[in-house]
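Student: Handing over my_file-v2.cif, mmCIF, C-alpha atoms and all ligand atoms.
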```
data_protein
loop_
_atom_site.label_atom_id
_atom_site.label_comp_id
_atom_site.auth_asym_id
_atom_site.auth_seq_id
_atom_site.Cartn_x
_atom_site.Cartn_y
_atom_site.Cartn_z
CA MET A 224 12.09 2.48 -4.47
CA LEU A 225 10.86 -0.94 -3.36
CA THR A 226 8.34 -2.83 -5.46
CA LEU A 227 4.67 -2.40 -4.65
CA ALA A 228 4.55 -5.95 -3.27
CA ALA A 229 7.47 -5.18 -0.93
CA LEU A 230 5.89 -1.88 0.15
CA ARG A 231 2.64 -3.71 0.91
CA GLU A 232 4.42 -6.18 3.18
CA LYS A 233 5.01 -3.40 5.72
CA PRO A 234 2.24 -1.62 7.63
CA HIS A 235 0.67 0.95 5.33
CA THR A 236 -2.57 2.50 4.21
CA SER A 237 -3.88 2.92 0.67
CA ILE A 238 -6.53 4.73 -1.31
CA SER A 239 -8.46 1.44 -1.55
CA ALA A 240 -8.49 1.13 2.25
CA LEU A 241 -9.66 4.74 2.72
CA ARG A 242 -12.37 4.33 0.09
CA CYS A 243 -13.44 1.06 1.69
CA TYR A 244 -13.79 2.74 5.09
CA GLN A 245 -15.77 5.60 3.53
CA SER A 246 -18.19 3.18 1.84
CA CYS A 247 -18.63 0.85 4.84
CA PRO A 248 -16.58 0.78 8.08
CA LYS A 249 -17.70 -2.83 8.69
CA LYS A 250 -16.41 -3.96 5.31
CA HIS A 251 -13.12 -2.20 6.11
CA TYR A 252 -13.01 -4.16 9.36
CA PHE A 253 -13.52 -7.50 7.59
CA THR A 254 -11.03 -6.66 4.84
CA TYR A 255 -8.18 -4.87 6.59
CA ILE A 256 -8.44 -5.63 10.33
CA GLU A 257 -9.85 -9.15 10.62
CA ARG A 258 -8.56 -10.10 7.15
CA ALA A 259 -11.53 -12.43 6.80
CA ALA A 260 -11.68 -14.77 3.81
CA PRO A 261 -14.05 -13.27 1.21
CA ALA A 262 -16.91 -15.48 -0.03
CA PHE A 263 -16.08 -14.50 -3.63
CA ARG A 264 -14.05 -12.11 -5.76
CA PRO A 265 -15.92 -9.51 -7.82
CA LEU A 266 -15.52 -9.96 -11.58
CA ALA A 267 -14.61 -6.26 -11.87
CA LEU A 268 -11.49 -6.94 -9.79
CA VAL A 269 -10.37 -9.78 -12.06
CA LEU A 270 -11.00 -7.74 -15.21
CA GLY A 271 -9.27 -4.69 -13.69
CA SER A 272 -6.09 -6.66 -12.85
CA ALA A 273 -5.92 -8.31 -16.27
CA TRP A 274 -6.63 -4.99 -17.97
CA HIS A 275 -3.89 -3.10 -16.12
CA ALA A 276 -1.30 -5.80 -16.83
CA THR A 277 -2.26 -5.87 -20.52
CA ILE A 278 -2.19 -2.11 -21.03
CA ALA A 279 1.17 -1.97 -19.22
CA GLU A 280 2.52 -4.64 -21.59
CA HIS A 281 1.09 -2.77 -24.59
CA LEU A 282 2.76 0.51 -23.53
CA LEU A 283 6.12 -1.11 -22.82
CA ARG A 284 6.21 -2.93 -26.16
CA SER A 285 4.92 -0.05 -28.30
CA GLY A 286 6.64 3.18 -29.24
CA GLN A 287 6.22 6.18 -31.49
CA GLY A 288 5.07 4.82 -34.83
CA HIS A 289 4.68 1.20 -33.85
CA HIS A 290 2.23 -0.86 -31.81
CA ALA A 291 2.81 -4.18 -30.11
CA PRO A 292 1.14 -6.85 -32.30
CA VAL A 293 -2.60 -6.60 -31.61
CA GLU A 294 -3.15 -10.37 -31.46
CA GLU A 295 -0.46 -10.67 -28.79
CA VAL A 296 -2.03 -7.88 -26.73
CA ARG A 297 -5.43 -9.59 -27.06
CA ASP A 298 -3.88 -12.92 -26.00
CA HIS A 299 -2.34 -11.22 -22.97
CA LEU A 300 -5.73 -9.94 -21.85
CA ARG A 301 -7.49 -13.25 -22.56
CA ASP A 302 -4.86 -15.21 -20.60
CA GLY A 303 -5.01 -12.71 -17.72
CA ILE A 304 -8.78 -13.05 -17.41
CA VAL A 305 -8.69 -16.86 -17.56
CA ARG A 306 -5.89 -16.99 -14.96
CA GLY A 307 -7.76 -14.50 -12.79
CA VAL A 308 -10.98 -16.50 -12.89
CA GLU A 309 -9.54 -20.01 -12.63
CA GLY A 310 -6.29 -19.51 -10.73
CA ASP A 311 -7.62 -18.85 -7.25
CA ALA A 312 -9.57 -20.95 -4.77
CA VAL A 313 -11.93 -18.05 -4.03
CA PRO A 314 -14.70 -18.17 -6.68
CA VAL A 315 -15.48 -15.21 -8.93
CA LEU A 316 -18.93 -13.66 -8.78
CA PHE A 317 -20.10 -13.26 -12.37
CA GLU A 318 -22.42 -10.47 -13.35
CA GLU A 319 -25.88 -10.65 -14.88
CA GLU A 320 -24.68 -9.71 -18.37
CA GLU A 321 -21.89 -12.31 -18.47
CA GLN A 322 -22.51 -15.61 -16.79
CA ASP A 323 -19.40 -17.43 -17.99
CA ILE A 324 -15.78 -16.80 -18.82
CA SER A 325 -16.17 -16.77 -22.61
CA ALA A 326 -18.75 -13.97 -22.39
CA VAL A 327 -16.38 -12.00 -20.16
CA VAL A 328 -13.49 -12.49 -22.60
CA ASP A 329 -15.67 -11.45 -25.57
CA ALA A 330 -16.71 -8.24 -23.81
CA ALA A 331 -13.09 -7.52 -22.80
CA MET A 332 -11.87 -8.01 -26.39
CA ASP A 333 -14.42 -5.45 -27.63
CA MET A 334 -13.19 -3.02 -24.96
CA LEU A 335 -9.56 -3.61 -25.89
CA ASP A 336 -10.19 -3.06 -29.60
CA VAL A 337 -11.81 0.31 -28.84
CA PHE A 338 -8.97 1.25 -26.47
CA LEU A 339 -6.28 0.39 -29.03
CA ALA A 340 -8.10 2.32 -31.75
CA LYS A 341 -8.70 5.45 -29.69
CA VAL A 342 -5.80 5.85 -27.25
CA PRO A 343 -2.55 7.01 -28.85
CA ILE A 344 0.86 5.68 -27.80
CA PRO A 345 2.55 8.28 -25.54
CA GLU A 346 5.70 10.10 -26.68
CA ARG A 347 7.72 8.46 -23.93
CA VAL A 348 6.92 5.93 -21.22
CA HIS A 349 8.86 6.55 -18.00
CA GLY A 350 7.37 3.51 -16.29
CA VAL A 351 4.28 1.39 -15.70
CA GLU A 352 2.83 0.28 -12.37
CA VAL A 353 5.19 2.80 -10.76
CA PRO A 354 5.16 2.30 -6.97
CA PHE A 355 5.22 5.14 -4.45
CA SER A 356 5.19 5.50 -0.69
CA LEU A 357 4.14 8.78 0.89
CA GLU A 358 4.83 9.97 4.40
CA LEU A 359 1.67 11.82 5.40
CA VAL A 360 2.16 15.01 7.40
CA HIS A 361 -0.96 16.57 8.91
CA PRO A 362 -1.30 20.02 7.32
CA ALA A 363 -2.49 21.70 10.55
CA THR A 364 -0.60 19.91 13.33
CA GLY A 365 2.54 18.64 11.56
CA GLU A 366 1.88 15.19 13.04
CA ILE A 367 3.25 12.25 11.03
CA HIS A 368 0.71 9.57 10.09
CA PRO A 369 1.60 6.25 11.74
CA VAL A 370 1.92 4.42 8.41
CA PRO A 371 2.76 5.57 4.86
CA LEU A 372 0.26 5.73 2.04
CA VAL A 373 1.33 3.20 -0.58
CA GLY A 374 0.19 2.79 -4.16
CA ALA A 375 1.26 2.45 -7.77
CA MET A 376 0.63 4.78 -10.69
CA ASP A 377 -0.66 2.91 -13.75
CA ALA A 378 1.79 4.70 -16.06
CA VAL A 379 4.00 7.77 -16.02
CA VAL A 380 4.51 9.14 -19.53
CA ASP A 381 5.41 12.32 -21.39
CA GLU A 382 2.80 14.15 -23.45
CA GLY A 383 3.69 17.39 -25.20
CA GLY A 384 7.00 17.30 -23.33
CA HIS A 385 5.28 17.24 -19.91
CA PRO A 386 4.98 14.38 -17.44
CA ILE A 387 1.51 12.86 -17.13
CA VAL A 388 0.26 10.09 -14.89
CA LEU A 389 -2.21 7.87 -16.73
CA GLU A 390 -4.96 6.25 -14.73
CA PHE A 391 -6.48 3.32 -16.64
CA LYS A 392 -9.93 2.30 -15.54
CA THR A 393 -12.63 -0.04 -16.70
CA GLY A 394 -16.21 0.42 -15.62
CA LYS A 395 -19.83 0.06 -16.58
CA ARG A 396 -20.34 3.79 -16.47
CA ARG A 397 -18.38 6.91 -17.29
CA TRP A 398 -17.04 8.85 -14.34
CA THR A 399 -19.43 11.49 -13.05
CA ALA A 400 -18.49 15.14 -12.57
CA ASP A 401 -18.16 14.50 -8.82
CA GLN A 402 -15.71 11.65 -9.34
CA ILE A 403 -13.74 13.82 -11.74
CA ASP A 404 -13.53 16.56 -9.11
CA TYR A 405 -13.21 14.60 -5.87
CA ASP A 406 -11.89 11.07 -6.35
CA LEU A 407 -8.95 10.49 -4.01
CA GLN A 408 -6.82 8.39 -6.36
CA PRO A 409 -5.68 11.19 -8.71
CA THR A 410 -4.72 13.31 -5.69
CA ALA A 411 -2.50 10.50 -4.41
CA TYR A 412 -1.03 10.00 -7.89
CA MET A 413 -0.13 13.68 -8.10
CA MET A 414 1.59 13.49 -4.72
CA GLY A 415 3.31 10.23 -5.69
CA ALA A 416 4.57 11.67 -8.99
CA ARG A 417 6.00 14.71 -7.20
CA ALA A 418 7.70 12.48 -4.62
CA LEU A 419 9.39 10.60 -7.48
CA GLY A 420 10.67 13.80 -9.09
CA HIS A 421 7.96 14.34 -11.73
CA ASP A 422 7.18 17.89 -10.61
CA GLY A 423 4.01 19.40 -12.05
CA ALA A 424 2.79 16.09 -13.45
CA GLY A 425 -0.85 16.08 -14.51
CA VAL A 426 -3.18 13.12 -14.15
CA LYS A 427 -5.27 11.82 -17.03
CA LEU A 428 -8.14 9.40 -16.62
CA VAL A 429 -8.50 6.89 -19.46
CA LEU A 430 -11.67 4.92 -18.72
CA THR A 431 -12.86 2.20 -21.07
CA THR A 432 -16.53 1.45 -20.58
CA LYS A 433 -17.80 -2.10 -20.41
CA ALA A 434 -20.92 -1.85 -22.53
CA LYS A 435 -22.49 -3.24 -25.69
CA LYS A 436 -20.71 -0.41 -27.48
CA PRO A 437 -17.58 0.28 -25.40
CA ASP A 438 -16.11 3.77 -25.43
CA VAL A 439 -13.13 5.57 -23.92
CA GLN A 440 -13.62 8.52 -21.57
CA VAL A 441 -10.56 10.74 -21.31
CA GLU A 442 -10.44 13.43 -18.63
CA HIS A 443 -7.63 15.67 -17.45
CA LEU A 444 -7.99 15.66 -13.68
CA VAL A 445 -7.10 18.81 -11.77
CA ARG A 446 -6.12 18.72 -8.11
CA TYR A 447 -4.94 21.52 -5.84
CA ARG A 448 -2.94 21.65 -2.61
CA ARG A 449 -6.23 21.80 -0.67
CA ASP A 450 -7.20 18.42 -2.16
CA GLU A 451 -3.89 16.97 -0.94
CA HIS A 452 -4.55 18.38 2.54
CA GLU A 453 -8.01 16.88 2.53
CA LEU A 454 -6.64 13.47 1.53
CA VAL A 455 -4.10 13.57 4.37
CA GLU A 456 -6.75 14.71 6.88
CA THR A 457 -9.01 11.88 5.69
CA ALA A 458 -6.23 9.34 6.29
CA PHE A 459 -5.72 10.69 9.83
CA ALA A 460 -9.47 10.67 10.55
CA VAL A 461 -9.87 7.08 9.30
CA ALA A 462 -6.86 5.94 11.35
CA ARG A 463 -8.35 7.55 14.49
CA ALA A 464 -11.75 5.97 13.86
CA VAL A 465 -10.25 2.52 13.26
CA LYS A 466 -8.13 2.79 16.40
CA ALA A 467 -11.25 3.71 18.35
CA GLY A 468 -13.03 0.61 17.01
CA VAL A 469 -15.56 2.48 14.87
CA ASP A 470 -16.68 -0.27 12.49
CA TYR A 471 -20.44 0.05 12.08
CA PRO A 472 -22.20 -1.54 9.08
CA ASN A 473 -23.35 0.87 6.39
CA ARG A 474 -26.19 -1.05 4.77
CA GLY A 475 -27.21 -0.12 1.26
CA TRP A 476 -26.78 -1.03 -2.39
CA GLN A 477 -23.17 -2.06 -1.77
CA CYS A 478 -24.31 -5.00 0.39
CA ARG A 479 -25.64 -6.82 -2.69
CA THR A 480 -22.11 -7.43 -3.97
CA CYS A 481 -20.27 -7.54 -0.65
CA PRO A 482 -18.07 -10.64 -0.17
CA TYR A 483 -18.61 -10.40 3.60
CA ALA A 484 -22.43 -10.17 3.52
CA GLN A 485 -22.88 -13.53 5.25
CA ALA A 486 -20.43 -12.76 8.05
CA CYS A 487 -22.08 -9.37 8.39
CA GLY A 488 -25.54 -10.88 8.79
CA SER A 489 -27.04 -9.44 5.59
S1 LIG A 501 -22.82 -6.50 3.94
FE1 LIG A 501 -23.09 -4.29 3.73
S2 LIG A 501 -22.97 -3.49 5.81
FE2 LIG A 501 -22.10 -5.54 5.85
S3 LIG A 501 -19.92 -5.28 5.53
FE3 LIG A 501 -20.81 -5.62 3.54
S4 LIG A 501 -21.23 -3.58 2.72
FE4 LIG A 501 -20.93 -3.36 4.93
#
```
Could you take the file, read its structure, and then write that structure out as structure tokens?
Ligand code: SF4

Tutor:
Amino acid sequence: MLTLAALREKPHTSISALRCYQSCPKKHYFTYIERAAPAFRPLALVLGSAWHATIAEHLLRSGQGHHAPVEEVRDHLRDGIVRGVEGDAVPVLFEEEEQDISAVVDAAMDMLDVFLAKVPIPERVHGVEVPFSLELVHPATGEIHPVPLVGAMDAVVDEGGHPIVLEFKTGKRRWTADQIDYDLQPTAYMMGARALGHDGAGVKLVLTTKAKKPDVQVEHLVRYRRDEHELVETAFAVARAVKAGVDYPNRGWQCRTCPYAQACGS
């Protein structure tokens, strides 16, 4: 299997692109068709990247009965956030609660401490940031989607002797019941795990909340074949709409933090 970066060099779609189209077709146009330069990068994106890289490092360096040294894991996260904020010409949009990098790092350290205290080391780590590429076959017509769906599973591990895909998230809020039932990402992970030979793999959400008192939400996510069909049908429908030039603006709360608001006329 190619690396995720190599897979992304070829034409493809992704869960992020589908979600983007669902939230605002105009934003999808700016991001994926015009590839317009964003006015800023959301802080959540920077924190998410640093978080994933740090948890991956933690899992790879820990094993049954031993943890990677906590100070080194904390340093990894701190360095990742600083690099993410300072290492790109596109500025980061800070949030109301944290107006500078040291406040962001402090909040992230609190989150990491809670994560390390509450989330056990898996029995076995098969891989982290495991890339996959799925050929999408329409469940009703048998048509092949013009491009594959590409992504990477945060970690594939064994728990109780069974393969599990771990999905590490950070967020201000816990996932709602609707996200637990309908989010597209776990469906793609399940399909990706099967394609890589991890038959029957479950998906577990491990969400660390960014709050004054951070916490970890753990949910076993259940998906059925009908959810996979719906994901594939959604990819076909989005591809048809994009090809037809359907890129209307969907104005709402999401415009307040949209990096294309100026270009969009908001
Ligand atoms: S400003 Fe709003 S309507 Fe315009 S692209 Fe962004 S999210 Fe869509």

Student: Which is closer to Ala484 of chain A than all the others in A:Cys243, A:Ala262, A:Leu268, A:Val469, using all atoms listed in the file?

Tutor: A:Ala262

Student: Counting all atoms listed in the file, figure out which residue out of A:Pro371, A:Pro409, A:Gly423, A:Pro261 gets nearest to ligand LIG 501 (chain A).

Tutor: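 Answer, going by the shortest atom-to-atom distance: A:Pro261.
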
Student: Just the residues within 12 Å of Val328 of chain A, please, counting only C-alpha atoms, with nothing from its chain fewer than 3 positions along; format it as a list in words.

Tutor: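 What passes the distance filter is Leu266, Val269, Leu270, Ala273, Trp274, Arg297, Asp298, His299, Leu300, Arg301, Asp302, Gly303, Ile304, Val305, Arg306, Gly307, Val308, Glu321, Gln322, Asp323, Ile324, Ser325, Ala331, Met332, Asp333, Met334, Leu335 and Lys433 of chain A.
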
Student: Specify the axis-aligned box that encloses all atoms of segment 397-400 of chain A listed in the file after padding of 3 Å on each side, stating its centre and edge lengths in Å to one decimal as lines of an AutoDock Vina configuration file.

Tutor:
```
center_x = -18.2
center_y = 11.0
center_z = -14.9
size_x = 8.4
size_y = 14.2
size_z = 10.7
```

Student: Using only C-alpha atoms for the distances, tell me which of A:Arg463, A:Pro354, A:His361, A:Gly271 is nearest to Gly394 of chain A.

Tutor: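 Of A:Arg463, A:Pro354, A:His361, A:Gly271, the one nearest Gly394 of chain A, counting only C-alpha atoms, is A:Gly271.
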
Student: Which protein, DNA or RNA residues have an atom within 12 Å of ligand LIG 501 (chain A), counting only C-alpha atoms and all ligand atoms, as a count of residues only?

Tutor: 37

Student: From the set A:Val313, A:Leu428, A:Ala228, A:Val337, which residue has the shortest atom-to-atom contact distance to Gln408 of chain A, counting only C-alpha atoms?

Tutor: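 For Gln408 of chain A, the nearest of the given residues is A:Leu428.
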
Student: Check the smallest atom-to-atom distance from each of A:Ala416, A:Leu357, A:Ala276, A:Ala291 to Pro369 of chain A using all atoms listed in the file, then report the winner.

Tutor: A:Leu357
